[in-house]
Every structure is written in C-alpha cells, then in structure tokens.
Amino acid sequence: MTLTPDDWEVIRLSLKVAIVGVVLTLPVAFGLAYALARGRFPGRILLDAVVHLPLVLPPVVTGWILLILFGRNGPIGGWLDRMFGVTLMFRWTGAALAAAVMALPLMVRAIRLSIEAVDRRLEGAARSLGASPWRAFCTVTLPLSLPGVWAGLVLGFARSLGEFGATISFVSNIPGQTRTLPIAIYTALQLPDGDSIVVRLALVSVALSLGALIASEWLVRRQSGRAHVL
Amino acid sequence: MSFEVDVAKRLGEAEIAVSFQSDAGVTALFGPSGSGKTSILNMIAGLLIPDRGRIVVGGVSLFGQGVNLAPEARHAGYVFQDARLFPHLKVRANLLYGAGRGAGGVTLDEVVDLLGLAHLLGRWPRTLSGGEAQRVAIGRALLSNPRFLLMDEPLASLDRARADEILAMIERVRDALKLPILYVSHNRAEVDRLAAQVVAIHR
C-alpha cells in the first residue's frame, strides 16, 4: 500500500489541525480544570456545565454555534476580522478551533482529576519551607498533576483527529484547508471508486490513534516510574 | 520568650483554645489524640488561621493585632507527623527545597552528617522507611533556615528502636542548633525526656 500525495496532504493537515488545536487548548483546559478543582465561586456549576457542553451536544450543533460566533458577521469572528484581519471560516485555523472546542471537555476532565488528586498538604509543606504560592504551584502542584496533563493531551489529540461533525458544519469540506482524515474518508465514501482511498486513510487513522495511545501509556509509565502520583 | 501563644479556633463542632508562654528550649504540647494539637501547630505555621488571638515567637509577632504573616514569611521549620516529603523529588531535592531562603542556617553537609542521611540522598521518598523519611523531614526543616521548629509527633509511626534513634537526633538538634522547639506528643516518656516545659492540652 502506498500513500498518494493527496493522502499525505490530508494526513499533514489532520496532524496540523489536531496538534495546533490541542496545544492552544492546553493552557485554557488547565486553567479551567484548576478553577473547577480548587475554586469556590458562584457559577462554578454553570461553568462546569458549559465546559462539558461539547461532549453532550450533537457535534453539528457545536459547529453551528461556532459558525454563529466566529463567522465573519458573528460577534467574535467579526471582531477578529476587524482587529487582526483573521478569518477562521473555511480555513484550517477554523478546523483547529473546532477540534480545540471538541477536545476541551475531555482535557479538562483528565487534568481536573489529576489536580484533585494532589495532596494539598504538600502545598502547605512547601509554603512553610518558604515557597510563595506561585512557587508552590510551579514546584509541587503542577508537576504532581502532569500525568493528567499527558492523559488530557493524548485524549484531546485523538478526539481532534477524529473530529467530524463540528468541523464540517463550521468550516465545510475544502481540500487542503479543512478536509481532515474523517472528512476525506467521508468524501471518498461518496465516490463510486473511492474504496481504496477509504481503506488507506482508515488504516492511517488506526495507526495514528494506536500511536497516540502507546505514547500516552509510555509517558504515564515513565512518570510513575519516577514517583507514584495519581 | 520563645513562644507566646493565645489562640482560639472553631473547627466544626470542636472549639480549640490554648494559651501558653514558654522560654524553654523544648516546649511540649502534651495531650490525647483529637485534642487539637496539630491544629495549634498549623496555626503557628500559618497554615490555619485562628479566629482570634495572638502568636509571638522569639519576639516576632506572627499573628494578631492586624498581623497575619504568610506561612513563607514565618520561618517555621515544620516537621509533619507523616513526614510529608515531596513524592516527585529525590531526597537531596527534598532537603534543599527550602534552602534558598537566606544564609545563616546550617549547610547540607552538616545536616546530612547530623542526621545520617548520606546514603539516602539519591533515593525517592517512597523507597524510604518511616524512620528514614522522618529524618529527611527533620533535615528539610532544618535546612530552610528556620527561626524555630514545630514537630508534630515525629515518632508516632515508628517502632521502638527507630523512635529512640530519632529521639537522639532531636536531642542533638536541640543541643547543637539552639532553636526553640515546639514538640507535640501524646507520649509521656518522650515529653519527659525532651522538654523543659510541658503544656497539657485537654479535649
């Protein structure tokens, strides 16, 4: 089996969309996870629900909401266009945003569990040893919650690679811009002679997902080899 | 005065109230489990805020009359009952965690020598026995350049032989470093051996 240049373009685009989406989501997901794990503020339950919406809404609806918000005439999309000349519609950046939004709840859940598992008394020990709250966070809380960060990254990456509904309704199906692996497979399924494309891209999907899972397992093992956390 | 403490705190159903002054080298807080001894140490360390009262250690006001120093500003060397070592740092990094805050204290070499830690420096905390972990915890507290030590039942989880060994270490620390020590225990023999002044806590 050899991959055609078109296949490679789809794979490159999918990886780019998934990696950019997940890397941009990570700080947001960590901040939300920390707020939900530790914060006691009014509206916490509402925030929790909103973060989880993409997990339970039909992805097409999430894509439509993104279209409303980030379309050229939408409140956020219009602002981005005026201020920075940035357009997300029908661009790979829009696909990355859709992937990010869909990955967010999974990443927040994984990281939040990890933060909740950190023994807060260790932070007290750090403070009594002279650490500022910020240093205690950087040297104790953050490293001890890294397993959840790795798990969240891998889950989010896998979810982004498979993202279909929100992407196709937000940024459509444009070769080279928004036609990621699942959308390319879907497109090939519509073609009378697309079977061989489907097989090739499906096998690539399996390989990428397996690779991500094995990488996460390896990272978690390496982590737990150093210290037993989680 | 080494310690001037007069604090009160309501925790759920329990009311913790204690008042004592001590100028001894080692002051013991002696009382049954659940009498709030650990909470008193936490208040002195700044990890628990009293409802009211004042805390002065070595002439420096830590709490009261509008003062409430952050834990990192109190310079307490706190040895927790469960050692509470950082699981993601090796022994050496644990020992040095608080060593950045100013000179004048003891050096790593001195602490390693005093507490017999040389063979443990490259180990992970989870591979240590209870007594080893407790010695590292004492060393970590000493290396943070403390003005005083808070020790919360440092012998509680140890067998008799180990407990005697750690007790001897604490006596060496007491005599070598001349730091005021507040020592919590429910064991009369420990308290009698170490402390010059005993504060009895009732439930």
# chains A, B, ... in the order shown; residues from 1 in each chain; ligands from 1
$ residues_around --residues "stretch 193-201 of chain B" --least-positions-apart "3" --cutoff "6 Å" --atoms "only C-alpha atoms" --output "PDB file with N, CA and C atoms, in the first residue's frame"
ATOM      1  N   ALA B  24      11.448  27.850  77.336  1.00  0.00           N
ATOM      2  CA  ALA B  24      12.302  26.660  77.371  1.00  0.00           C
ATOM      3  C   ALA B  24      12.870  26.378  75.987  1.00  0.00           C
ATOM      4  N   VAL B  26      12.957  23.287  74.580  1.00  0.00           N
ATOM      5  CA  VAL B  26      11.900  22.458  74.013  1.00  0.00           C
ATOM      6  C   VAL B  26      10.656  22.615  74.865  1.00  0.00           C
ATOM      7  N   THR B  27       9.581  23.031  74.200  1.00  0.00           N
ATOM      8  CA  THR B  27       8.279  23.116  74.855  1.00  0.00           C
ATOM      9  C   THR B  27       7.422  22.005  74.280  1.00  0.00           C
ATOM     10  N   ALA B  28       6.807  21.219  75.162  1.00  0.00           N
ATOM     11  CA  ALA B  28       5.988  20.126  74.660  1.00  0.00           C
ATOM     12  C   ALA B  28       4.519  20.468  74.772  1.00  0.00           C
ATOM     13  N   LEU B  29       3.766  20.172  73.711  1.00  0.00           N
ATOM     14  CA  LEU B  29       2.304  20.195  73.777  1.00  0.00           C
ATOM     15  C   LEU B  29       1.893  18.751  73.977  1.00  0.00           C
ATOM     16  N   PHE B  30       1.299  18.482  75.126  1.00  0.00           N
ATOM     17  CA  PHE B  30       1.028  17.107  75.508  1.00  0.00           C
ATOM     18  C   PHE B  30      -0.470  16.932  75.668  1.00  0.00           C
ATOM     19  N   GLY B  31      -1.031  15.913  75.035  1.00  0.00           N
ATOM     20  CA  GLY B  31      -2.464  15.699  75.165  1.00  0.00           C
ATOM     21  C   GLY B  31      -2.922  14.549  74.302  1.00  0.00           C
ATOM     22  N   GLU B 190       8.387  10.391  76.050  1.00  0.00           N
ATOM     23  CA  GLU B 190       9.053  11.274  75.089  1.00  0.00           C
ATOM     24  C   GLU B 190       9.133  12.696  75.626  1.00  0.00           C
TER      25      GLU B 190
END
$ closest_atom_pairs --of "chain A" --to "chain B" --cutoff "6 Å" --atoms "only C-alpha atoms" --output "JSON lines"
{"residue": "A:Arg127", "atom": "CA", "partner": "B:Glu72", "partner_atom": "CA", "distance": 5.1}
{"residue": "A:Ser128", "atom": "CA", "partner": "B:Pro71", "partner_atom": "CA", "distance": 5.2}
{"residue": "A:Leu129", "atom": "CA", "partner": "B:Gly98", "partner_atom": "CA", "distance": 4.7}
{"residue": "A:Gly130", "atom": "CA", "partner": "B:Glu72", "partner_atom": "CA", "distance": 4.0}
{"residue": "A:Ala131", "atom": "CA", "partner": "B:Glu72", "partner_atom": "CA", "distance": 5.7}
{"residue": "A:Ala227", "atom": "CA", "partner": "B:His88", "partner_atom": "CA", "distance": 5.1}
$ write_last_selection --atoms "N, CA and C atoms" --output "short mmCIF file (atom, residue, chain, number, x, y, z; two decimals), in the first residue's frame"
data_model
loop_
_atom_site.label_atom_id
_atom_site.label_comp_id
_atom_site.auth_asym_id
_atom_site.auth_seq_id
_atom_site.Cartn_x
_atom_site.Cartn_y
_atom_site.Cartn_z
N ARG A 127 4.85 25.83 51.42
CA ARG A 127 4.73 27.20 51.94
C ARG A 127 5.53 27.36 53.22
N SER A 128 5.43 26.38 54.12
CA SER A 128 6.15 26.50 55.40
C SER A 128 7.66 26.46 55.17
N LEU A 129 8.08 25.90 54.03
CA LEU A 129 9.51 25.87 53.71
C LEU A 129 9.94 27.14 52.97
N GLY A 130 9.05 28.11 52.87
CA GLY A 130 9.45 29.40 52.33
C GLY A 130 8.98 29.68 50.92
N ALA A 131 8.17 28.77 50.34
CA ALA A 131 7.74 28.97 48.95
C ALA A 131 6.55 29.91 48.89
N ALA A 227 7.90 8.65 40.29
CA ALA A 227 7.23 8.92 41.56
C ALA A 227 5.82 8.38 41.46
#
$ residues_around --residues "stretch 154-160 of chain A" --least-positions-apart "3" --cutoff "9 Å" --atoms "only C-alpha atoms" --output "CSV table (one decimal) with C-alpha atoms, in the first residue's frame"
chain,number,residue,atom,x,y,z
A,14,SER,CA,-5.0,16.5,10.1
A,15,LEU,CA,-1.9,16.4,12.2
A,17,VAL,CA,-5.1,20.8,12.9
A,18,ALA,CA,-5.0,18.3,15.8
A,19,ILE,CA,-1.7,19.5,17.2
A,21,GLY,CA,-5.9,22.7,18.4
A,22,VAL,CA,-4.7,20.7,21.4
A,25,THR,CA,-6.4,24.3,24.3
A,96,ALA,CA,-8.3,23.7,14.6
A,98,ALA,CA,-13.5,23.2,16.1
A,99,ALA,CA,-11.0,20.5,17.2
A,100,ALA,CA,-10.0,22.5,20.2
A,102,MET,CA,-14.4,19.4,21.0
A,103,ALA,CA,-11.3,18.3,22.8
A,104,LEU,CA,-11.7,20.8,25.7
A,105,PRO,CA,-14.1,18.8,27.9
A,106,LEU,CA,-12.0,15.7,27.7
A,107,MET,CA,-8.8,17.6,28.5
A,110,ALA,CA,-8.4,14.4,32.8
A,149,VAL,CA,-1.9,16.7,31.6
A,150,TRP,CA,-0.4,13.9,29.5
A,151,ALA,CA,-3.6,12.0,29.5
A,163,GLU,CA,-13.4,15.3,14.8
A,164,PHE,CA,-16.1,15.4,12.0
A,208,LEU,CA,-2.2,7.3,14.4
A,209,SER,CA,-4.7,6.5,17.2
A,212,ALA,CA,-1.1,8.2,20.4
A,213,LEU,CA,-2.4,5.6,22.9
A,215,ALA,CA,2.8,7.2,23.5
A,216,SER,CA,0.5,8.2,26.4
$ closest_residue --among "A:Gly78, A:Gly211, A:Pro147, A:Pro182" --to "A:Leu161" --atoms "only C-alpha atoms"
A:Pro182
$ select_by_dssp --residues "stretch 25-100 of chain B" --states "strand (DSSP E or B)" --output "PDB file with C-alpha atoms, in the first residue's frame"
ATOM      1  CA  VAL B  26      11.900  22.458  74.013  1.00  0.00           C
ATOM      2  CA  THR B  27       8.279  23.116  74.855  1.00  0.00           C
ATOM      3  CA  ALA B  28       5.988  20.126  74.660  1.00  0.00           C
ATOM      4  CA  LEU B  29       2.304  20.195  73.777  1.00  0.00           C
ATOM      5  CA  PHE B  30       1.028  17.107  75.508  1.00  0.00           C
ATOM      6  CA  ARG B  52      -8.799  35.283  67.335  1.00  0.00           C
ATOM      7  CA  GLY B  53      -5.731  35.594  69.499  1.00  0.00           C
ATOM      8  CA  ARG B  54      -2.053  36.274  69.053  1.00  0.00           C
ATOM      9  CA  ILE B  55       1.094  34.320  68.246  1.00  0.00           C
ATOM     10  CA  VAL B  56       4.565  35.660  69.026  1.00  0.00           C
ATOM     11  CA  VAL B  57       7.664  33.522  68.533  1.00  0.00           C
ATOM     12  CA  VAL B  60       8.363  38.380  66.416  1.00  0.00           C
ATOM     13  CA  SER B  61       4.632  38.759  66.049  1.00  0.00           C
ATOM     14  CA  LEU B  62       3.278  36.205  63.564  1.00  0.00           C
ATOM     15  CA  PHE B  63      -0.426  36.744  64.165  1.00  0.00           C
ATOM     16  CA  GLY B  64      -2.698  39.131  65.999  1.00  0.00           C
ATOM     17  CA  VAL B  67      -0.738  40.998  61.742  1.00  0.00           C
ATOM     18  CA  ASN B  68      -1.102  37.749  59.825  1.00  0.00           C
ATOM     19  CA  ALA B  76       8.915  27.900  60.785  1.00  0.00           C
ATOM     20  CA  GLY B  77      10.728  24.600  60.393  1.00  0.00           C
ATOM     21  CA  TYR B  78       7.692  22.317  60.408  1.00  0.00           C
ATOM     22  CA  VAL B  79       8.235  18.561  60.771  1.00  0.00           C
TER      23      VAL B  79
END
$ residues_around --residues "B:Glu171" --least-positions-apart "5" --cutoff "12 Å" --atoms "only C-alpha atoms" --output "VMD selection string"
chain B and resid 25 to 26 114 to 115 164 to 166 176 to 179 181 183 190 to 191 193 to 195
$ atom_distance --atom1 "atom CA of A:Leu113" --atom2 "atom CA of A:Leu46"
18.5 Å
$ residues_around --residues "A:Trp92" --least-positions-apart "5" --cutoff "8 Å" --atoms "only C-alpha atoms" --output "ChimeraX atom specification"
/A:13,17,177-178
$ residues_around --residues "stretch 172-175 of chain A" --least-positions-apart "2" --cutoff "9 Å" --atoms "only C-alpha atoms" --output "PyMOL selection string"
chain A and resi 9-10+89-91+95+167-170+177-180+183-184+187
$ write_last_selection --atoms "C-alpha atoms" --output "compact mmCIF listing (two decimals), in the first residue's frame"
# COMPACT_ATOMS: atom_id res chain seq x y z
CA GLU A 9 -1.81 16.25 2.28
CA VAL A 10 -4.81 15.00 4.25
CA MET A 89 -14.25 30.45 8.20
CA PHE A 90 -13.30 27.77 5.66
CA ARG A 91 -9.67 27.84 6.87
CA ALA A 95 -10.83 23.43 11.81
CA THR A 167 -15.68 20.76 11.68
CA ILE A 168 -17.79 20.07 8.60
CA SER A 169 -20.64 22.31 9.77
CA PHE A 170 -18.30 25.15 10.81
CA GLN A 177 -7.84 23.64 4.18
CA THR A 178 -10.47 21.75 6.14
CA ARG A 179 -10.58 18.25 4.64
CA THR A 180 -9.13 16.29 7.57
CA ILE A 183 -13.89 14.23 6.25
CA ALA A 184 -11.66 12.84 3.50
CA THR A 187 -15.85 12.22 0.90
$ atom_distance --atom1 "atom CA of A:Ile11" --atom2 "atom CA of A:Leu181"
6.5 Å
